[in-house]
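Student: Pasting upload_19.cif here (mmCIF, C-alpha atoms):
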data_coords
#
loop_
_atom_site.group_PDB
_atom_site.id
_atom_site.type_symbol
_atom_site.label_atom_id
_atom_site.label_comp_id
_atom_site.auth_asym_id
_atom_site.auth_seq_id
_atom_site.Cartn_x
_atom_site.Cartn_y
_atom_site.Cartn_z
ATOM 1 C CA MET A 48 -26.522 -36.935 -3.789
ATOM 2 C CA TRP A 49 -22.924 -36.697 -2.567
ATOM 3 C CA SER A 50 -22.647 -40.446 -2.135
ATOM 4 C CA ALA A 51 -23.203 -40.820 -5.873
ATOM 5 C CA ASP A 52 -20.718 -38.016 -6.587
ATOM 6 C CA ARG A 53 -18.167 -39.680 -4.340
ATOM 7 C CA PHE A 54 -18.665 -42.976 -6.190
ATOM 8 C CA TRP A 55 -17.842 -41.255 -9.490
ATOM 9 C CA ALA A 56 -14.876 -39.439 -7.945
ATOM 10 C CA VAL A 57 -13.356 -42.740 -6.818
ATOM 11 C CA ARG A 58 -13.969 -44.171 -10.283
ATOM 12 C CA LEU A 59 -12.151 -41.200 -11.813
ATOM 13 C CA VAL A 60 -9.169 -41.810 -9.533
ATOM 14 C CA LEU A 61 -9.023 -45.467 -10.529
ATOM 15 C CA LEU A 62 -9.297 -44.522 -14.215
ATOM 16 C CA GLY A 63 -6.446 -42.053 -13.869
ATOM 17 C CA LEU A 64 -4.238 -44.640 -12.216
ATOM 18 C CA LEU A 65 -5.014 -47.101 -15.011
ATOM 19 C CA LEU A 66 -4.119 -44.525 -17.666
ATOM 20 C CA ALA A 67 -0.833 -43.846 -15.899
ATOM 21 C CA LEU A 68 0.006 -47.551 -15.930
ATOM 22 C CA VAL A 69 -0.549 -47.813 -19.692
ATOM 23 C CA GLY A 70 1.286 -44.617 -20.494
ATOM 24 C CA GLY A 71 -1.680 -42.246 -20.789
ATOM 25 C CA GLY A 72 -0.977 -40.251 -17.638
ATOM 26 C CA GLY A 73 1.893 -38.149 -18.958
ATOM 27 C CA THR A 74 2.092 -34.465 -19.665
ATOM 28 C CA LYS A 75 -1.395 -34.257 -21.152
ATOM 29 C CA THR A 76 -2.922 -34.342 -17.651
ATOM 30 C CA ARG A 77 -0.790 -31.339 -16.632
ATOM 31 C CA VAL A 78 -1.820 -28.950 -19.412
ATOM 32 C CA GLY A 79 -4.763 -26.554 -19.300
ATOM 33 C CA LEU A 80 -7.137 -25.495 -16.561
ATOM 34 C CA VAL A 81 -8.287 -26.975 -13.276
ATOM 35 C CA THR A 82 -12.019 -27.630 -13.490
ATOM 36 C CA CYS A 83 -14.817 -28.262 -11.034
ATOM 37 C CA GLY A 84 -15.235 -31.941 -10.267
ATOM 38 C CA SER A 85 -11.599 -32.777 -11.025
ATOM 39 C CA VAL A 86 -9.755 -35.136 -8.680
ATOM 40 C CA LEU A 87 -6.127 -34.237 -8.054
ATOM 41 C CA LYS A 88 -3.080 -34.149 -5.809
ATOM 42 C CA LEU A 89 -1.521 -30.887 -4.604
ATOM 43 C CA LEU A 90 2.208 -30.436 -4.045
ATOM 44 C CA ASN A 91 3.670 -27.842 -1.688
ATOM 45 C CA THR A 92 6.291 -26.362 -4.001
ATOM 46 C CA TYR A 93 8.811 -25.474 -1.286
ATOM 47 C CA HIS A 94 8.741 -28.577 0.916
ATOM 48 C CA ARG A 95 7.877 -31.005 -1.931
ATOM 49 C CA VAL A 96 5.119 -32.842 -0.075
ATOM 50 C CA ARG A 97 1.588 -33.671 -1.210
ATOM 51 C CA LEU A 98 -1.506 -32.649 0.725
ATOM 52 C CA HIS A 99 -2.704 -35.788 2.491
ATOM 53 C CA SER A 100 -5.282 -37.110 4.923
ATOM 54 C CA HIS A 101 -6.469 -40.446 6.244
ATOM 55 C CA ASP A 102 -8.654 -41.762 9.044
ATOM 56 C CA PHE A 103 -6.308 -40.704 11.860
ATOM 57 C CA LYS A 104 -7.459 -38.073 14.353
ATOM 58 C CA TYR A 105 -5.413 -35.406 16.100
ATOM 59 C CA GLY A 106 -4.635 -36.223 19.727
ATOM 60 C CA SER A 107 -4.986 -32.548 20.677
ATOM 61 C CA GLY A 108 -6.816 -29.455 19.460
ATOM 62 C CA SER A 109 -10.091 -30.265 17.709
ATOM 63 C CA GLY A 110 -9.580 -34.034 17.638
ATOM 64 C CA GLN A 111 -10.729 -34.023 14.009
ATOM 65 C CA GLN A 112 -9.182 -36.010 11.152
ATOM 66 C CA SER A 113 -5.578 -34.990 10.558
ATOM 67 C CA VAL A 114 -4.219 -33.347 7.415
ATOM 68 C CA THR A 115 -0.511 -33.748 6.678
ATOM 69 C CA GLY A 116 2.091 -33.569 3.919
ATOM 70 C CA VAL A 117 3.682 -36.714 2.473
ATOM 71 C CA GLU A 118 6.528 -37.245 0.020
ATOM 72 C CA ALA A 119 5.034 -40.327 -1.661
ATOM 73 C CA SER A 120 3.515 -39.656 -5.073
ATOM 74 C CA ASP A 121 1.511 -42.898 -5.251
ATOM 75 C CA ASP A 122 -0.604 -42.669 -2.075
ATOM 76 C CA ALA A 123 -4.346 -42.705 -2.852
ATOM 77 C CA ASN A 124 -4.997 -40.827 0.406
ATOM 78 C CA SER A 125 -3.624 -37.693 -1.265
ATOM 79 C CA TYR A 126 -6.482 -37.287 -3.759
ATOM 80 C CA TRP A 127 -8.824 -34.304 -3.334
ATOM 81 C CA ARG A 128 -11.909 -33.382 -5.331
ATOM 82 C CA ILE A 129 -12.571 -29.756 -6.314
ATOM 83 C CA ARG A 130 -16.092 -28.649 -5.415
ATOM 84 C CA GLY A 131 -17.910 -25.356 -5.114
ATOM 85 C CA GLY A 132 -19.401 -23.830 -2.008
ATOM 86 C CA PRO A 133 -22.960 -24.652 -0.988
ATOM 87 C CA GLU A 134 -24.255 -21.294 -2.288
ATOM 88 C CA GLU A 135 -22.095 -20.422 -5.313
ATOM 89 C CA GLY A 136 -21.773 -23.942 -6.623
ATOM 90 C CA CYS A 137 -19.225 -25.186 -9.154
ATOM 91 C CA PRO A 138 -20.721 -26.785 -12.290
ATOM 92 C CA ARG A 139 -18.958 -29.938 -13.415
ATOM 93 C CA GLY A 140 -16.267 -29.035 -15.948
ATOM 94 C CA ALA A 141 -16.326 -25.290 -15.264
ATOM 95 C CA PRO A 142 -12.802 -23.802 -15.024
ATOM 96 C CA VAL A 143 -12.017 -22.624 -11.496
ATOM 97 C CA ARG A 144 -11.566 -18.854 -11.416
ATOM 98 C CA CYS A 145 -8.778 -17.083 -9.562
ATOM 99 C CA GLY A 146 -10.503 -15.632 -6.518
ATOM 100 C CA GLN A 147 -13.212 -18.319 -6.450
ATOM 101 C CA ALA A 148 -14.094 -20.053 -3.175
ATOM 102 C CA VAL A 149 -13.968 -23.847 -3.378
ATOM 103 C CA ARG A 150 -14.155 -26.898 -1.169
ATOM 104 C CA LEU A 151 -11.424 -29.537 -1.351
ATOM 105 C CA THR A 152 -13.006 -32.855 -0.447
ATOM 106 C CA HIS A 153 -10.833 -35.817 0.510
ATOM 107 C CA VAL A 154 -11.873 -38.577 -1.883
ATOM 108 C CA LEU A 155 -11.393 -41.640 0.323
ATOM 109 C CA THR A 156 -12.964 -40.291 3.537
ATOM 110 C CA GLY A 157 -15.474 -37.738 2.208
ATOM 111 C CA LYS A 158 -14.280 -34.981 4.554
ATOM 112 C CA ASN A 159 -13.514 -31.396 3.552
ATOM 113 C CA LEU A 160 -10.298 -29.458 4.039
ATOM 114 C CA HIS A 161 -11.064 -27.269 7.061
ATOM 115 C CA THR A 162 -9.470 -24.883 9.524
ATOM 116 C CA HIS A 163 -10.550 -23.104 12.703
ATOM 117 C CA HIS A 164 -9.133 -21.363 15.763
ATOM 118 C CA PHE A 165 -7.267 -24.303 17.302
ATOM 119 C CA PRO A 166 -3.457 -24.354 17.570
ATOM 120 C CA SER A 167 -1.671 -26.837 15.322
ATOM 121 C CA PRO A 168 0.093 -29.658 17.217
ATOM 122 C CA LEU A 169 3.727 -28.927 16.296
ATOM 123 C CA SER A 170 4.181 -25.305 15.208
ATOM 124 C CA ASN A 171 1.347 -23.634 17.141
ATOM 125 C CA ASN A 172 0.030 -22.102 13.932
ATOM 126 C CA GLN A 173 -3.656 -22.658 13.035
ATOM 127 C CA GLU A 174 -4.768 -26.282 12.877
ATOM 128 C CA VAL A 175 -5.905 -27.646 9.505
ATOM 129 C CA SER A 176 -8.129 -30.712 9.599
ATOM 130 C CA ALA A 177 -10.552 -32.737 7.486
ATOM 131 C CA PHE A 178 -14.143 -32.266 8.590
ATOM 132 C CA GLY A 179 -17.708 -33.245 7.710
ATOM 133 C CA GLU A 180 -19.490 -36.340 6.480
ATOM 134 C CA ASP A 181 -20.025 -37.363 2.849
ATOM 135 C CA GLY A 182 -18.727 -34.009 1.634
ATOM 136 C CA GLU A 183 -20.960 -31.846 3.823
ATOM 137 C CA GLY A 184 -19.383 -29.819 6.610
ATOM 138 C CA ASP A 185 -19.792 -26.111 7.379
ATOM 139 C CA ASP A 186 -18.756 -22.641 6.214
ATOM 140 C CA LEU A 187 -15.200 -23.180 7.517
ATOM 141 C CA ASP A 188 -14.577 -25.595 4.614
ATOM 142 C CA LEU A 189 -14.250 -22.798 2.048
ATOM 143 C CA TRP A 190 -10.884 -21.761 0.557
ATOM 144 C CA THR A 191 -10.251 -18.986 -1.956
ATOM 145 C CA VAL A 192 -7.952 -19.903 -4.843
ATOM 146 C CA ARG A 193 -5.316 -17.153 -5.102
ATOM 147 C CA CYS A 194 -3.644 -17.148 -8.486
ATOM 148 C CA SER A 195 -2.601 -14.820 -11.292
ATOM 149 C CA GLY A 196 -4.754 -14.341 -14.366
ATOM 150 C CA GLN A 197 -8.347 -15.435 -14.890
ATOM 151 C CA HIS A 198 -8.330 -19.139 -14.080
ATOM 152 C CA TRP A 199 -6.435 -21.731 -12.057
ATOM 153 C CA GLU A 200 -3.929 -23.274 -14.463
ATOM 154 C CA ARG A 201 -2.517 -26.721 -13.798
ATOM 155 C CA GLU A 202 1.068 -25.609 -14.361
ATOM 156 C CA ALA A 203 0.789 -22.532 -12.137
ATOM 157 C CA SER A 204 1.622 -22.138 -8.459
ATOM 158 C CA VAL A 205 -1.379 -21.034 -6.388
ATOM 159 C CA ARG A 206 -2.279 -20.310 -2.791
ATOM 160 C CA PHE A 207 -5.357 -21.304 -0.818
ATOM 161 C CA GLN A 208 -6.629 -18.640 1.560
ATOM 162 C CA HIS A 209 -9.258 -19.626 4.090
ATOM 163 C CA VAL A 210 -12.473 -17.651 3.674
ATOM 164 C CA GLY A 211 -13.438 -17.639 7.345
ATOM 165 C CA THR A 212 -10.101 -16.881 9.024
ATOM 166 C CA SER A 213 -7.914 -15.506 6.160
ATOM 167 C CA VAL A 214 -4.967 -17.850 6.834
ATOM 168 C CA PHE A 215 -3.062 -19.530 3.996
ATOM 169 C CA LEU A 216 -2.702 -23.309 3.667
ATOM 170 C CA SER A 217 0.957 -23.853 4.590
ATOM 171 C CA VAL A 218 3.772 -26.253 5.414
ATOM 172 C CA THR A 219 6.868 -25.143 7.334
ATOM 173 C CA GLY A 220 8.691 -28.454 7.782
ATOM 174 C CA GLU A 221 7.666 -29.726 11.241
ATOM 175 C CA GLN A 222 7.686 -33.523 11.189
ATOM 176 C CA TYR A 223 5.454 -35.914 13.105
ATOM 177 C CA GLY A 224 6.691 -38.960 14.973
ATOM 178 C CA SER A 225 4.882 -42.267 15.471
ATOM 179 C CA PRO A 226 2.257 -43.311 14.401
ATOM 180 C CA ILE A 227 2.513 -41.012 11.334
ATOM 181 C CA GLN A 228 6.298 -40.984 11.274
ATOM 182 C CA GLY A 229 7.845 -38.663 8.706
ATOM 183 C CA GLN A 230 4.675 -36.847 7.666
ATOM 184 C CA LEU A 231 4.818 -33.039 7.818
ATOM 185 C CA GLU A 232 2.393 -30.767 9.620
ATOM 186 C CA VAL A 233 -0.008 -28.771 7.434
ATOM 187 C CA HIS A 234 -1.394 -25.630 9.049
ATOM 188 C CA GLY A 235 -2.707 -22.132 8.442
ATOM 189 C CA MET A 236 -0.430 -19.050 8.437
ATOM 190 C CA THR A 237 -1.441 -15.408 8.342
ATOM 191 C CA GLY A 238 1.004 -14.234 5.659
ATOM 192 C CA ALA A 239 1.587 -15.189 2.038
ATOM 193 C CA ASN A 240 5.093 -16.608 1.622
ATOM 194 C CA THR A 241 7.110 -19.429 0.041
ATOM 195 C CA HIS A 242 5.654 -21.971 2.505
ATOM 196 C CA ASN A 243 2.130 -21.703 1.117
ATOM 197 C CA THR A 244 2.412 -22.149 -2.650
ATOM 198 C CA TRP A 245 0.909 -25.283 -4.182
ATOM 199 C CA LYS A 246 0.892 -26.894 -7.607
ATOM 200 C CA VAL A 247 -1.302 -29.537 -9.216
ATOM 201 C CA MET A 248 0.392 -32.871 -9.776
ATOM 202 C CA GLU A 249 -1.307 -36.207 -10.533
ATOM 203 C CA GLY A 250 -5.013 -36.124 -11.252
ATOM 204 C CA VAL A 251 -8.040 -36.848 -13.382
ATOM 205 C CA PHE A 252 -9.424 -33.647 -14.896
ATOM 206 C CA ILE A 253 -12.933 -32.986 -16.141
ATOM 207 C CA LYS A 254 -12.955 -31.543 -19.664
ATOM 208 C CA PRO A 255 -13.467 -27.751 -19.458
ATOM 209 C CA SER A 256 -16.855 -26.358 -20.411
ATOM 210 C CA LEU A 257 -17.065 -23.980 -23.369
ATOM 211 C CA ASP A 258 -18.135 -20.861 -21.435
ATOM 212 C CA PRO A 259 -15.552 -20.073 -18.713
ATOM 213 C CA SER A 260 -16.075 -17.042 -16.485
ATOM 214 C CA THR A 261 -13.696 -14.122 -16.727
ATOM 215 C CA GLY A 262 -13.149 -13.138 -13.093
ATOM 216 C CA HIS A 263 -9.584 -12.800 -11.833
ATOM 217 C CA ASP A 264 -7.476 -12.194 -8.751
ATOM 218 C CA GLU A 265 -3.827 -11.962 -7.841
ATOM 219 C CA LEU A 266 -1.554 -14.571 -6.267
#
I need this file expressed as structure tokens, please.
Tutor:
Amino acid sequence: MWSADRFWAVRLVLLGLLLALVGGGGTKTRVGLVTCGSVLKLLNTYHRVRLHSHDFKYGSGSGQQSVTGVEASDDANSYWRIRGGPEEGCPRGAPVRCGQAVRLTHVLTGKNLHTHHFPSPLSNNQEVSAFGEDGEGDDLDLWTVRCSGQHWEREASVRFQHVGTSVFLSVTGEQYGSPIQGQLEVHGMTGANTHNTWKVMEGVFIKPSLDPSTGHDEL
């Protein structure tokens, strides 16, 4: 099932890039709500890097696929798909609620944003990796969207708090050397602060359904 979903996710990315080339990827893609099934890039608002992964494994810690921050806006390895958890689900086109647990699946490798009790390579915070196969990993792939109001808005800054360990997805500026020269470490931190706010940037967004939920939470 996920292989088919991944095929459509890649097609959505390619469609979005095409629209951008012909002038259709302007402000219209930045207005409204983030919905389940959307494919997007996330910018750390303080360090101005996009959440990124590719088929390069950590040389320490878990040895899983690395997750980093990159400045480039045009790197296809920075696309993530918004999915629900294995129990709650996330119907295609449903607006993501503040306080909802989601999975962020890396489009080009099919692995989920993940964290666990390993030290990160540079800062000794909690390692963040990409884990699983074809979008299926484990319960440490779940992140709660922390935002103000009822739903995750594309123009709003949000935080991602890990369900299993309570850390926040963060960047504090540590920079890798070769072979991923210039990329910044992404890790988990225990406190909410300026290093762990994120904002939606480029993306292809599924049209919202007509019956959004009304749950809410605070940033």
Student: Where does the PyMOL selection byres ((chain A and resi 111) around 8) land in this file, that is, which residues does it pick, as number ranges by chain?
Tutor: A: 104-105, 109-110, 112-113, 176-178
Student: Might you spell out which residues the PyMOL selection byres ((chain A and resi 193) around 6) would select in the displayed file, as a list in words?
Tutor: Cys145, Gly146, Val192, Cys194, Val205, Arg206, Phe207 and Leu266 of chain A
Student: Could you list, as a list in words, every residue within 7 Å of His198 (chain A), counting only C-alpha atoms and ignoring same-chain residues fewer than 3 positions away?
Tutor: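 Near His198 (chain A), the qualifying residues are Leu80, Pro142, Val143, Arg144, Cys145 and His263 of chain A.
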Student: Report as a list in words the full result of the PyMOL selection byres ((chain A and resi 248) around 8) when it is applied to this structure.
Tutor: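 This file gives the following for the PyMOL selection byres ((chain A and resi 248) around 8): Arg77, Leu87, Lys88, Leu89, Leu90, Arg201, Lys246, Val247, Glu249 and Gly250 of chain A.
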Student: Counting only C-alpha atoms, which residue out of A:Phe165, A:Trp127, A:Phe252, A:Trp190 sits closest to Ser213 (chain A)?
Tutor: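 The answer is A:Trp190, which sits nearest to Ser213 (chain A).
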Student: Give me the residues near Asn172 (chain A) as a ChimeraX atom specification, where near means some atom within 7 Å (using only C-alpha atoms) and where sequence neighbours in that chain fewer than 3 positions away do not count.
Tutor: /A:166-167,234-236
Student: From the set A:Thr244, A:Ser120, A:Tyr223, A:Leu169, which residue has the shortest atom-to-atom contact distance to Ala203 (chain A), counting all atoms listed in the file?
Tutor: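 Using all atoms listed in the file, the shortest distance to Ala203 (chain A) belongs to A:Thr244.
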Student: Would you kindly return, as a ChimeraX atom specification, each protein, DNA or RNA residue with an atom no farther than 7 Å from any atom of Leu187 (chain A), considering all atoms listed in the file and excluding same-chain residues fewer than 3 positions away?
Tutor: /A:161-163,211
Student: CA of Ser204 (chain A) to CA of Arg95 (chain A): how many Å, to one decimal?
Tutor: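 CA of Arg95 (chain A) lies 12.7 Å from CA of Ser204 (chain A).
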Student: Pick the closest to His101 (chain A) from A:Gly116, A:Pro168, A:Pro138, A:Pro133: which is it, counting all atoms listed in the file?
Tutor: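 Answer, going by the shortest atom-to-atom distance: A:Gly116.
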